[in-house]
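For reference, structure.pdb (PDB, C-alpha atoms and all ligand atoms):
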```pdb
MODEL        1
ATOM      1  CA  MET C   1     244.155 -75.375  44.398  1.00  0.00           C
ATOM      2  CA  GLN C   2     241.889 -75.665  47.338  1.00  0.00           C
ATOM      3  CA  PRO C   3     240.673 -79.176  48.083  1.00  0.00           C
ATOM      4  CA  VAL C   4     237.095 -79.770  47.126  1.00  0.00           C
ATOM      5  CA  GLY C   5     234.655 -81.851  49.081  1.00  0.00           C
ATOM      6  CA  HIS C   6     236.165 -80.923  52.391  1.00  0.00           C
ATOM      7  CA  HIS C   7     233.385 -80.659  54.880  1.00  0.00           C
ATOM      8  CA  VAL C   8     234.219 -78.615  57.910  1.00  0.00           C
ATOM      9  CA  THR C   9     232.035 -80.307  60.471  1.00  0.00           C
ATOM     10  CA  GLY C  10     229.714 -82.637  58.596  1.00  0.00           C
ATOM     11  CA  GLY C  11     231.502 -85.944  59.052  1.00  0.00           C
ATOM     12  CA  ARG C  12     231.962 -86.722  55.360  1.00  0.00           C
ATOM     13  CA  ARG C  13     234.738 -89.159  56.208  1.00  0.00           C
ATOM     14  CA  ALA C  14     232.287 -91.426  57.989  1.00  0.00           C
ATOM     15  CA  GLY C  15     230.254 -91.519  54.817  1.00  0.00           C
ATOM     16  CA  GLU C  16     233.231 -92.710  52.870  1.00  0.00           C
ATOM     17  CA  ASP C  17     233.539 -95.740  55.096  1.00  0.00           C
ATOM     18  CA  LEU C  18     229.920 -96.612  54.446  1.00  0.00           C
ATOM     19  CA  ALA C  19     230.422 -96.121  50.729  1.00  0.00           C
ATOM     20  CA  ARG C  20     233.015 -98.855  50.731  1.00  0.00           C
ATOM     21  CA  LEU C  21     230.534-101.478  51.904  1.00  0.00           C
ATOM     22  CA  PRO C  22     229.575-103.563  48.866  1.00  0.00           C
ATOM     23  CA  ALA C  23     225.899-103.732  49.874  1.00  0.00           C
ATOM     24  CA  LEU C  24     225.626 -99.974  49.768  1.00  0.00           C
ATOM     25  CA  ARG C  25     227.484 -99.480  46.562  1.00  0.00           C
ATOM     26  CA  HIS C  26     225.525 -97.834  43.824  1.00  0.00           C
ATOM     27  CA  ARG C  27     225.321 -99.956  40.692  1.00  0.00           C
ATOM     28  CA  ARG C  28     226.030 -97.838  37.677  1.00  0.00           C
ATOM     29  CA  THR C  29     223.794 -97.995  34.654  1.00  0.00           C
ATOM     30  CA  ASP C  30     223.823 -96.156  31.338  1.00  0.00           C
ATOM     31  CA  GLY C  31     221.452 -93.635  32.870  1.00  0.00           C
ATOM     32  CA  ASP C  32     223.814 -93.143  35.752  1.00  0.00           C
ATOM     33  CA  ARG C  33     226.695 -92.592  33.402  1.00  0.00           C
ATOM     34  CA  ARG C  34     224.738 -90.005  31.464  1.00  0.00           C
ATOM     35  CA  ARG C  35     223.724 -88.295  34.714  1.00  0.00           C
ATOM     36  CA  SER C  36     227.286 -88.403  35.906  1.00  0.00           C
ATOM     37  CA  LEU C  37     228.498 -86.843  32.664  1.00  0.00           C
ATOM     38  CA  VAL C  38     225.854 -84.146  32.871  1.00  0.00           C
ATOM     39  CA  ARG C  39     226.802 -83.452  36.476  1.00  0.00           C
ATOM     40  CA  ARG C  40     230.484 -83.303  35.638  1.00  0.00           C
ATOM     41  CA  ALA C  41     229.767 -80.936  32.755  1.00  0.00           C
ATOM     42  CA  VAL C  42     227.640 -78.784  35.026  1.00  0.00           C
ATOM     43  CA  VAL C  43     230.241 -78.700  37.764  1.00  0.00           C
ATOM     44  CA  LEU C  44     233.113 -77.956  35.425  1.00  0.00           C
ATOM     45  CA  GLY C  45     231.188 -75.613  33.201  1.00  0.00           C
ATOM     46  CA  ALA C  46     231.725 -71.915  33.580  1.00  0.00           C
ATOM     47  CA  GLY C  47     229.058 -70.194  31.584  1.00  0.00           C
ATOM     48  CA  VAL C  48     225.594 -69.694  30.272  1.00  0.00           C
ATOM     49  CA  ALA C  49     226.439 -71.300  26.951  1.00  0.00           C
ATOM     50  CA  LEU C  50     226.966 -74.643  28.615  1.00  0.00           C
ATOM     51  CA  ALA C  51     223.801 -74.366  30.650  1.00  0.00           C
ATOM     52  CA  ALA C  52     221.898 -73.374  27.529  1.00  0.00           C
ATOM     53  CA  SER C  53     223.118 -76.473  25.734  1.00  0.00           C
ATOM     54  CA  LEU C  54     222.169 -78.574  28.752  1.00  0.00           C
ATOM     55  CA  ALA C  55     218.753 -76.960  28.698  1.00  0.00           C
ATOM     56  CA  ALA C  56     218.323 -77.887  25.068  1.00  0.00           C
ATOM     57  CA  CYS C  57     219.505 -81.404  25.806  1.00  0.00           C
ATOM     58  CA  SER C  58     217.233 -81.773  28.794  1.00  0.00           C
ATOM     59  CA  SER C  59     214.148 -80.486  27.061  1.00  0.00           C
ATOM     60  CA  SER C  60     214.686 -82.592  23.967  1.00  0.00           C
ATOM     61  CA  THR C  61     215.047 -85.772  25.980  1.00  0.00           C
ATOM     62  CA  GLY C  62     212.276 -84.860  28.389  1.00  0.00           C
ATOM     63  CA  ALA C  63     214.616 -85.373  31.355  1.00  0.00           C
ATOM     64  CA  ALA C  64     212.687 -88.128  33.117  1.00  0.00           C
ATOM     65  CA  GLY C  65     210.768 -89.067  30.025  1.00  0.00           C
ATOM     66  CA  SER C  66     207.534 -87.238  30.528  1.00  0.00           C
ATOM     67  CA  GLY C  67     206.228 -84.700  28.131  1.00  0.00           C
ATOM     68  CA  SER C  68     208.327 -81.612  28.002  1.00  0.00           C
ATOM     69  CA  SER C  69     207.867 -81.472  24.273  1.00  0.00           C
ATOM     70  CA  GLY C  70     206.758 -77.951  23.671  1.00  0.00           C
ATOM     71  CA  SER C  71     203.387 -77.704  25.357  1.00  0.00           C
ATOM     72  CA  GLY C  72     203.616 -73.951  25.052  1.00  0.00           C
ATOM     73  CA  VAL C  73     203.307 -71.217  27.588  1.00  0.00           C
ATOM     74  CA  VAL C  74     200.791 -71.726  30.357  1.00  0.00           C
ATOM     75  CA  ALA C  75     199.242 -68.711  32.036  1.00  0.00           C
ATOM     76  CA  SER C  76     198.252 -68.961  35.679  1.00  0.00           C
ATOM     77  CA  THR C  77     197.843 -66.774  38.731  1.00  0.00           C
ATOM     78  CA  VAL C  78     198.113 -69.710  41.124  1.00  0.00           C
ATOM     79  CA  VAL C  79     200.754 -69.493  43.851  1.00  0.00           C
ATOM     80  CA  VAL C  80     202.002 -72.732  45.396  1.00  0.00           C
ATOM     81  CA  HIS C  81     204.441 -73.292  48.251  1.00  0.00           C
ATOM     82  CA  ARG C  82     206.864 -76.192  48.316  1.00  0.00           C
ATOM     83  CA  THR C  83     209.386 -77.042  51.018  1.00  0.00           C
ATOM     84  CA  ILE C  84     212.435 -79.268  50.823  1.00  0.00           C
ATOM     85  CA  VAL C  85     214.657 -80.051  53.803  1.00  0.00           C
ATOM     86  CA  ILE C  86     218.364 -80.820  53.524  1.00  0.00           C
ATOM     87  CA  GLU C  87     219.073 -83.325  56.260  1.00  0.00           C
ATOM     88  CA  THR C  88     222.557 -84.033  57.520  1.00  0.00           C
ATOM     89  CA  GLY C  89     223.876 -87.567  57.237  1.00  0.00           C
ATOM     90  CA  LYS C  90     223.280 -88.005  60.964  1.00  0.00           C
ATOM     91  CA  MET C  91     219.643 -86.974  60.580  1.00  0.00           C
ATOM     92  CA  ASP C  92     218.940 -89.285  57.644  1.00  0.00           C
ATOM     93  CA  GLY C  93     220.744 -92.221  59.247  1.00  0.00           C
ATOM     94  CA  ARG C  94     223.657 -92.403  56.840  1.00  0.00           C
ATOM     95  CA  PRO C  95     226.573 -90.373  58.230  1.00  0.00           C
ATOM     96  CA  GLY C  96     228.364 -88.422  55.535  1.00  0.00           C
ATOM     97  CA  TRP C  97     225.357 -88.543  53.209  1.00  0.00           C
ATOM     98  CA  PRO C  98     223.385 -85.285  53.305  1.00  0.00           C
ATOM     99  CA  ARG C  99     220.031 -85.549  51.584  1.00  0.00           C
ATOM    100  CA  TYR C 100     217.371 -83.350  50.032  1.00  0.00           C
ATOM    101  CA  THR C 101     214.008 -84.628  51.214  1.00  0.00           C
ATOM    102  CA  PRO C 102     211.668 -84.971  49.474  1.00  0.00           C
ATOM    103  CA  ALA C 103     213.768 -85.316  46.342  1.00  0.00           C
ATOM    104  CA  GLY C 104     211.380 -83.277  44.258  1.00  0.00           C
ATOM    105  CA  PHE C 105     207.899 -81.889  43.892  1.00  0.00           C
ATOM    106  CA  THR C 106     205.041 -81.432  41.485  1.00  0.00           C
ATOM    107  CA  ALA C 107     203.419 -78.089  40.714  1.00  0.00           C
ATOM    108  CA  PRO C 108     200.982 -76.781  38.139  1.00  0.00           C
ATOM    109  CA  ALA C 109     202.698 -75.355  35.077  1.00  0.00           C
ATOM    110  CA  GLY C 110     202.444 -71.592  35.044  1.00  0.00           C
ATOM    111  CA  ALA C 111     201.956 -71.350  38.795  1.00  0.00           C
ATOM    112  CA  THR C 112     204.276 -69.189  40.845  1.00  0.00           C
ATOM    113  CA  VAL C 113     206.280 -71.583  42.987  1.00  0.00           C
ATOM    114  CA  VAL C 114     207.590 -70.332  46.306  1.00  0.00           C
ATOM    115  CA  LEU C 115     210.268 -72.897  47.063  1.00  0.00           C
ATOM    116  CA  THR C 116     211.656 -73.015  50.586  1.00  0.00           C
ATOM    117  CA  ILE C 117     214.797 -75.026  51.225  1.00  0.00           C
ATOM    118  CA  VAL C 118     215.693 -75.581  54.874  1.00  0.00           C
ATOM    119  CA  ASN C 119     219.334 -76.586  55.216  1.00  0.00           C
ATOM    120  CA  HIS C 120     220.420 -78.310  58.423  1.00  0.00           C
ATOM    121  CA  ASP C 121     223.886 -79.067  57.040  1.00  0.00           C
ATOM    122  CA  ASP C 122     226.495 -76.883  58.711  1.00  0.00           C
ATOM    123  CA  GLY C 123     229.312 -77.972  56.429  1.00  0.00           C
ATOM    124  CA  THR C 124     230.484 -76.252  53.275  1.00  0.00           C
ATOM    125  CA  ALA C 125     231.360 -77.903  49.983  1.00  0.00           C
ATOM    126  CA  PRO C 126     233.287 -75.016  48.388  1.00  0.00           C
ATOM    127  CA  LEU C 127     232.933 -74.396  44.693  1.00  0.00           C
ATOM    128  CA  PRO C 128     236.051 -73.508  42.683  1.00  0.00           C
ATOM    129  CA  PRO C 129     236.643 -69.727  42.734  1.00  0.00           C
ATOM    130  CA  SER C 130     235.693 -69.360  39.062  1.00  0.00           C
ATOM    131  CA  SER C 131     232.516 -71.434  39.302  1.00  0.00           C
ATOM    132  CA  PRO C 132     229.266 -69.658  38.288  1.00  0.00           C
ATOM    133  CA  TRP C 133     227.141 -71.856  40.559  1.00  0.00           C
ATOM    134  CA  GLY C 134     227.378 -69.606  43.594  1.00  0.00           C
ATOM    135  CA  GLN C 135     225.145 -67.161  41.740  1.00  0.00           C
ATOM    136  CA  VAL C 136     221.359 -67.210  41.699  1.00  0.00           C
ATOM    137  CA  TRP C 137     220.155 -68.089  38.224  1.00  0.00           C
ATOM    138  CA  GLY C 138     216.663 -67.451  36.991  1.00  0.00           C
ATOM    139  CA  ALA C 139     214.759 -69.522  34.510  1.00  0.00           C
ATOM    140  CA  ASP C 140     215.199 -68.946  30.821  1.00  0.00           C
ATOM    141  CA  ALA C 141     212.389 -66.858  29.393  1.00  0.00           C
ATOM    142  CA  THR C 142     211.369 -69.786  27.221  1.00  0.00           C
ATOM    143  CA  TYR C 143     210.247 -71.721  30.252  1.00  0.00           C
ATOM    144  CA  GLY C 144     209.407 -69.248  32.911  1.00  0.00           C
ATOM    145  CA  GLU C 145     210.812 -66.536  35.056  1.00  0.00           C
ATOM    146  CA  THR C 146     212.201 -65.949  38.498  1.00  0.00           C
ATOM    147  CA  THR C 147     211.312 -63.086  40.722  1.00  0.00           C
ATOM    148  CA  GLY C 148     214.068 -60.521  40.758  1.00  0.00           C
ATOM    149  CA  GLY C 149     216.986 -62.893  40.192  1.00  0.00           C
ATOM    150  CA  THR C 150     217.391 -63.205  43.925  1.00  0.00           C
ATOM    151  CA  GLU C 151     216.833 -65.677  46.697  1.00  0.00           C
ATOM    152  CA  LEU C 152     216.051 -64.923  50.316  1.00  0.00           C
ATOM    153  CA  VAL C 153     218.580 -66.244  52.826  1.00  0.00           C
ATOM    154  CA  ASN C 154     216.917 -66.120  56.235  1.00  0.00           C
ATOM    155  CA  GLY C 155     214.717 -63.404  54.763  1.00  0.00           C
ATOM    156  CA  SER C 156     217.470 -61.273  53.205  1.00  0.00           C
ATOM    157  CA  PRO C 157     217.638 -61.035  49.402  1.00  0.00           C
ATOM    158  CA  VAL C 158     220.951 -62.057  47.829  1.00  0.00           C
ATOM    159  CA  ARG C 159     222.095 -62.552  44.245  1.00  0.00           C
ATOM    160  CA  ALA C 160     224.876 -64.977  45.155  1.00  0.00           C
ATOM    161  CA  VAL C 161     226.417 -67.016  47.938  1.00  0.00           C
ATOM    162  CA  PRO C 162     230.241 -66.738  48.081  1.00  0.00           C
ATOM    163  CA  ASN C 163     231.638 -69.849  46.409  1.00  0.00           C
ATOM    164  CA  ASP C 164     233.597 -70.862  49.492  1.00  0.00           C
ATOM    165  CA  GLN C 165     230.467 -70.679  51.642  1.00  0.00           C
ATOM    166  CA  VAL C 166     228.263 -72.868  49.462  1.00  0.00           C
ATOM    167  CA  SER C 167     226.945 -75.977  51.183  1.00  0.00           C
ATOM    168  CA  HIS C 168     224.689 -77.312  48.400  1.00  0.00           C
ATOM    169  CA  THR C 169     222.933 -76.054  45.285  1.00  0.00           C
ATOM    170  CA  PHE C 170     219.477 -76.741  43.910  1.00  0.00           C
ATOM    171  CA  THR C 171     220.202 -76.612  40.201  1.00  0.00           C
ATOM    172  CA  ILE C 172     217.753 -77.376  37.386  1.00  0.00           C
ATOM    173  CA  PRO C 173     219.898 -77.317  34.218  1.00  0.00           C
ATOM    174  CA  GLY C 174     216.894 -77.745  31.934  1.00  0.00           C
ATOM    175  CA  LEU C 175     215.310 -74.590  33.316  1.00  0.00           C
ATOM    176  CA  LEU C 176     218.501 -72.569  33.886  1.00  0.00           C
ATOM    177  CA  VAL C 177     217.618 -72.366  37.563  1.00  0.00           C
ATOM    178  CA  ASN C 178     220.368 -72.308  40.197  1.00  0.00           C
ATOM    179  CA  VAL C 179     219.744 -71.786  43.892  1.00  0.00           C
ATOM    180  CA  PRO C 180     222.977 -71.755  45.941  1.00  0.00           C
ATOM    181  CA  ILE C 181     222.510 -72.825  49.563  1.00  0.00           C
ATOM    182  CA  PRO C 182     224.830 -71.583  52.318  1.00  0.00           C
ATOM    183  CA  ALA C 183     225.750 -73.698  55.327  1.00  0.00           C
ATOM    184  CA  ALA C 184     223.633 -73.725  58.475  1.00  0.00           C
ATOM    185  CA  GLN C 185     224.947 -72.290  61.726  1.00  0.00           C
ATOM    186  CA  SER C 186     224.481 -75.762  63.174  1.00  0.00           C
ATOM    187  CA  SER C 187     222.232 -78.712  62.444  1.00  0.00           C
ATOM    188  CA  ALA C 188     219.866 -77.417  65.129  1.00  0.00           C
ATOM    189  CA  ASP C 189     219.935 -73.907  63.663  1.00  0.00           C
ATOM    190  CA  PRO C 190     219.174 -74.373  59.964  1.00  0.00           C
ATOM    191  CA  VAL C 191     219.414 -71.722  57.275  1.00  0.00           C
ATOM    192  CA  THR C 192     216.270 -71.077  55.245  1.00  0.00           C
ATOM    193  CA  VAL C 193     216.495 -70.189  51.563  1.00  0.00           C
ATOM    194  CA  THR C 194     213.392 -69.090  49.689  1.00  0.00           C
ATOM    195  CA  PHE C 195     213.305 -68.842  45.918  1.00  0.00           C
ATOM    196  CA  THR C 196     210.320 -67.825  43.827  1.00  0.00           C
ATOM    197  CA  PHE C 197     209.957 -68.888  40.229  1.00  0.00           C
ATOM    198  CA  ARG C 198     207.488 -69.818  37.570  1.00  0.00           C
ATOM    199  CA  VAL C 199     207.733 -72.500  34.906  1.00  0.00           C
ATOM    200  CA  THR C 200     205.375 -72.000  32.022  1.00  0.00           C
ATOM    201  CA  LYS C 201     206.223 -75.243  30.301  1.00  0.00           C
ATOM    202  CA  LYS C 202     204.869 -78.653  31.239  1.00  0.00           C
ATOM    203  CA  GLY C 203     207.334 -81.426  31.821  1.00  0.00           C
ATOM    204  CA  THR C 204     209.645 -83.227  34.214  1.00  0.00           C
ATOM    205  CA  PHE C 205     213.088 -81.818  34.800  1.00  0.00           C
ATOM    206  CA  THR C 206     216.112 -83.119  36.651  1.00  0.00           C
ATOM    207  CA  TRP C 207     217.495 -81.101  39.528  1.00  0.00           C
ATOM    208  CA  LEU C 208     220.856 -81.762  41.076  1.00  0.00           C
ATOM    209  CA  CYS C 209     223.332 -80.362  43.567  1.00  0.00           C
ATOM    210  CA  VAL C 210     226.558 -79.267  41.897  1.00  0.00           C
ATOM    211  CA  ALA C 211     228.541 -78.547  45.071  1.00  0.00           C
ATOM    212  CA  PRO C 212     231.000 -81.378  45.792  1.00  0.00           C
ATOM    213  CA  CYS C 213     229.258 -82.408  49.008  1.00  0.00           C
ATOM    214  CA  GLY C 214     229.615 -86.163  48.560  1.00  0.00           C
ATOM    215  CA  SER C 215     232.329 -88.560  49.615  1.00  0.00           C
ATOM    216  CA  GLY C 216     235.652 -89.512  48.079  1.00  0.00           C
ATOM    217  CA  ALA C 217     238.599 -87.362  47.116  1.00  0.00           C
ATOM    218  CA  THR C 218     236.534 -85.309  44.659  1.00  0.00           C
ATOM    219  CA  GLY C 219     233.442 -84.998  46.850  1.00  0.00           C
ATOM    220  CA  MET C 220     231.432 -86.425  43.969  1.00  0.00           C
ATOM    221  CA  GLY C 221     230.779 -89.928  45.362  1.00  0.00           C
ATOM    222  CA  GLY C 222     228.205 -91.224  47.810  1.00  0.00           C
ATOM    223  CA  ALA C 223     225.239 -88.879  48.101  1.00  0.00           C
ATOM    224  CA  MET C 224     226.366 -86.989  44.990  1.00  0.00           C
ATOM    225  CA  ASP C 225     226.292 -90.148  42.928  1.00  0.00           C
ATOM    226  CA  THR C 226     223.025 -91.616  44.165  1.00  0.00           C
ATOM    227  CA  PRO C 227     219.637 -90.549  42.768  1.00  0.00           C
ATOM    228  CA  GLY C 228     217.243 -89.436  45.494  1.00  0.00           C
ATOM    229  CA  TRP C 229     219.964 -87.868  47.625  1.00  0.00           C
ATOM    230  CA  MET C 230     221.545 -84.944  45.796  1.00  0.00           C
ATOM    231  CA  GLU C 231     219.493 -85.375  42.657  1.00  0.00           C
ATOM    232  CA  GLY C 232     215.823 -85.755  41.803  1.00  0.00           C
ATOM    233  CA  HIS C 233     213.042 -84.432  39.608  1.00  0.00           C
ATOM    234  CA  VAL C 234     210.520 -81.613  39.541  1.00  0.00           C
ATOM    235  CA  THR C 235     207.363 -81.948  37.491  1.00  0.00           C
ATOM    236  CA  PHE C 236     205.115 -79.232  36.100  1.00  0.00           C
ATOM    237  CA  THR C 237     201.722 -80.517  35.026  1.00  0.00           C
TER     238      THR C 237
HETATM  239 CU    CU O 301     224.948 -81.141  47.873  1.00  0.00          CU
ENDMDL
END
```
For this file, write the structure as structure tokens.
Amino acid sequence: MQPVGHHVTGGRRAGEDLARLPALRHRRTDGDRRRSLVRRAVVLGAGVALAASLAACSSSTGAAGSGSSGSGVVASTVVVHRTIVIETGKMDGRPGWPRYTPAGFTAPAGATVVLTIVNHDDGTAPLPPSSPWGQVWGADATYGETTGGTELVNGSPVRAVPNDQVSHTFTIPGLLVNVPIPAAQSSADPVTVTFTFRVTKKGTFTWLCVAPCGSGATGMGGAMDTPGWMEGHVTFT
């Protein structure tokens, strides 16, 4: 089996050294454990059934605790643009720890969201060959819809990124959204991914990266295990 978490040029090993420093260690709480379990289930899962059960779980618990309790479908013709940058560990000052910044956004429920993700990370974090997370997933019809089931990679529409070329993913289990992100040419020559979707339900939902881009033997430590780095929230009001 191919090793996961191997980063071709991103200096993940440096991140591991930092992760060993006690001051930087992430203290685990019950919430962390639950998140970690969800992440593990997402990473290991291989089908829609799992994601559907995660969606049910996420919506019933309200993800971050704010009202996603069936506010119904919201109609809107508003279009909003949101941009998130994936910084390399060198850029964010913590080598080996790539980071989505900001770690989330707020948008009006029902609005069409044009989400642009600019990835400066030139390393891959390959997904297992059978993993479904290299594919673009649209939102479940209960919550909203995506445009065409595609994303634009540097302007070209694709339905998937080859699993061995995935650098990160922007995955919202509670909305059945998955945006695979390929690696940049170099940190100075980022790749731009644009994904258009609409969420017709109010609430706060967790997003996470399911590619093993963190530190440690599994690639699931460090940035992958620290909220605000490879995990955050999106809110629809
Ligand atoms: Cu990642």
Task: Of the listed residues C:Lys201, C:His120, C:Arg99, C:Arg94, that which approaches ligand CU 301 (chain O) most closely, counting only C-alpha atoms and all ligand atoms - done: C:Arg99
Open item on the list: Which residues, named as in the file, does the PyMOL selection byres (((chain C and resi 113) around 12) and not hetatm) pick out? Answer as a PyMOL selection string.
Closed with: chain C and resi 76-83+105-112+114-116+144-147+194-200+234-236
- [ ] With only C-alpha atoms and all ligand atoms counted, collect every polymer residue having an atom within 6 Å of ligand CU 301 (chain O); state the result as a PyMOL selection string.
- [x] chain C and resi 168+209+211+213+230
Let's have the selection written as a PDB file, in the frame of the given file, with C-alpha atoms.
```pdb
ATOM      1  CA  HIS C 168     224.689 -77.312  48.400  1.00  0.00           C
ATOM      2  CA  CYS C 209     223.332 -80.362  43.567  1.00  0.00           C
ATOM      3  CA  ALA C 211     228.541 -78.547  45.071  1.00  0.00           C
ATOM      4  CA  CYS C 213     229.258 -82.408  49.008  1.00  0.00           C
ATOM      5  CA  MET C 230     221.545 -84.944  45.796  1.00  0.00           C
TER       6      MET C 230
END
```
- [ ] Identify, on the basis of all atoms listed in the file, every residue whose closest approach to segment 127-129 of chain C does not exceed 7 Å; exclude the query and any residue fewer than 3 positions from it along the same chain; express the result as a VMD selection string.
- [x] chain C and resid 163 to 164 166 211
Open item on the list: Quick check, in Å to one decimal: how far apart do atom CA of Met220 of chain C and atom CA of Gly104 of chain C lie?
Closed with: 20.3 Å
Could you please give me, as an mmCIF file with C-alpha atoms, in the frame of the given file, the residues of protein, DNA or RNA lying at most 8 Å from (214.9, -65.8, 47.8) in the coordinate frame of the file, considering all atoms listed in the file?
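As a result, selection-v9.cif now contains:
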```
data_model
loop_
_atom_site.group_PDB
_atom_site.id
_atom_site.type_symbol
_atom_site.label_atom_id
_atom_site.label_comp_id
_atom_site.auth_asym_id
_atom_site.auth_seq_id
_atom_site.Cartn_x
_atom_site.Cartn_y
_atom_site.Cartn_z
ATOM 1 C CA THR C 150 217.391 -63.205 43.925
ATOM 2 C CA GLU C 151 216.833 -65.677 46.697
ATOM 3 C CA LEU C 152 216.051 -64.923 50.316
ATOM 4 C CA VAL C 153 218.580 -66.244 52.826
ATOM 5 C CA GLY C 155 214.717 -63.404 54.763
ATOM 6 C CA SER C 156 217.470 -61.273 53.205
ATOM 7 C CA PRO C 157 217.638 -61.035 49.402
ATOM 8 C CA VAL C 158 220.951 -62.057 47.829
ATOM 9 C CA VAL C 193 216.495 -70.189 51.563
ATOM 10 C CA THR C 194 213.392 -69.090 49.689
ATOM 11 C CA PHE C 195 213.305 -68.842 45.918
ATOM 12 C CA THR C 196 210.320 -67.825 43.827
#
```
Task: Counting all atoms listed in the file, the residue of C:Tyr100, C:Trp133, C:Trp207, C:Trp229 that sits nearest Val161 of chain C - done: C:Trp133
TODO: Determine the nearest neighbour of Ala188 of chain C from the options C:Val118, C:Val136, C:Val74, C:Ala125, counting all atoms listed in the file.
DONE: C:Val118
- [ ] Apply the PyMOL selection byres (((chain C and resi 84) around 6) and not hetatm) to the structure shown and report the selected residues as an NGL selection string.
- [x] :C and (83 or 85 or 101-102 or 117)
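Residue nearest Pro95 of chain C within the list C:Gly203, C:Gly214, C:Pro162, C:Pro126: C:Gly214 [criterion: smallest interatomic distance, all atoms listed in the file].
Relative to atom CA of Pro212 of chain C, atom CA of Gln185 of chain C is found at 19.3 Å.
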- [ ] Could you check which of C:Gly221, C:Pro182, C:Pro227, C:Pro173 is closest to Thr204 of chain C, using all atoms listed in the file?
- [x] C:Pro173
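Residues having any atom no farther than 10 Å from (219.3, -73.0, 62.5) (counting all atoms listed in the file) are Val118, Asn119, His120, Asp121, Asp122, Asn154, Ala183, Ala184, Gln185, Ser186, Ser187, Ala188, Asp189, Pro190, Val191 and Thr192 of chain C.
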TODO: To one decimal in Å, tell me the separation between atom CA of Leu175 of chain C and atom CA of Gly138 of chain C.
DONE: 8.1 Å
TODO: Identify which of the residues C:Ser215, C:Ser130, C:Gln165, C:Thr171 lies closest to Gly96 of chain C, counting only C-alpha atoms when measuring atom-to-atom distances.
DONE: C:Ser215
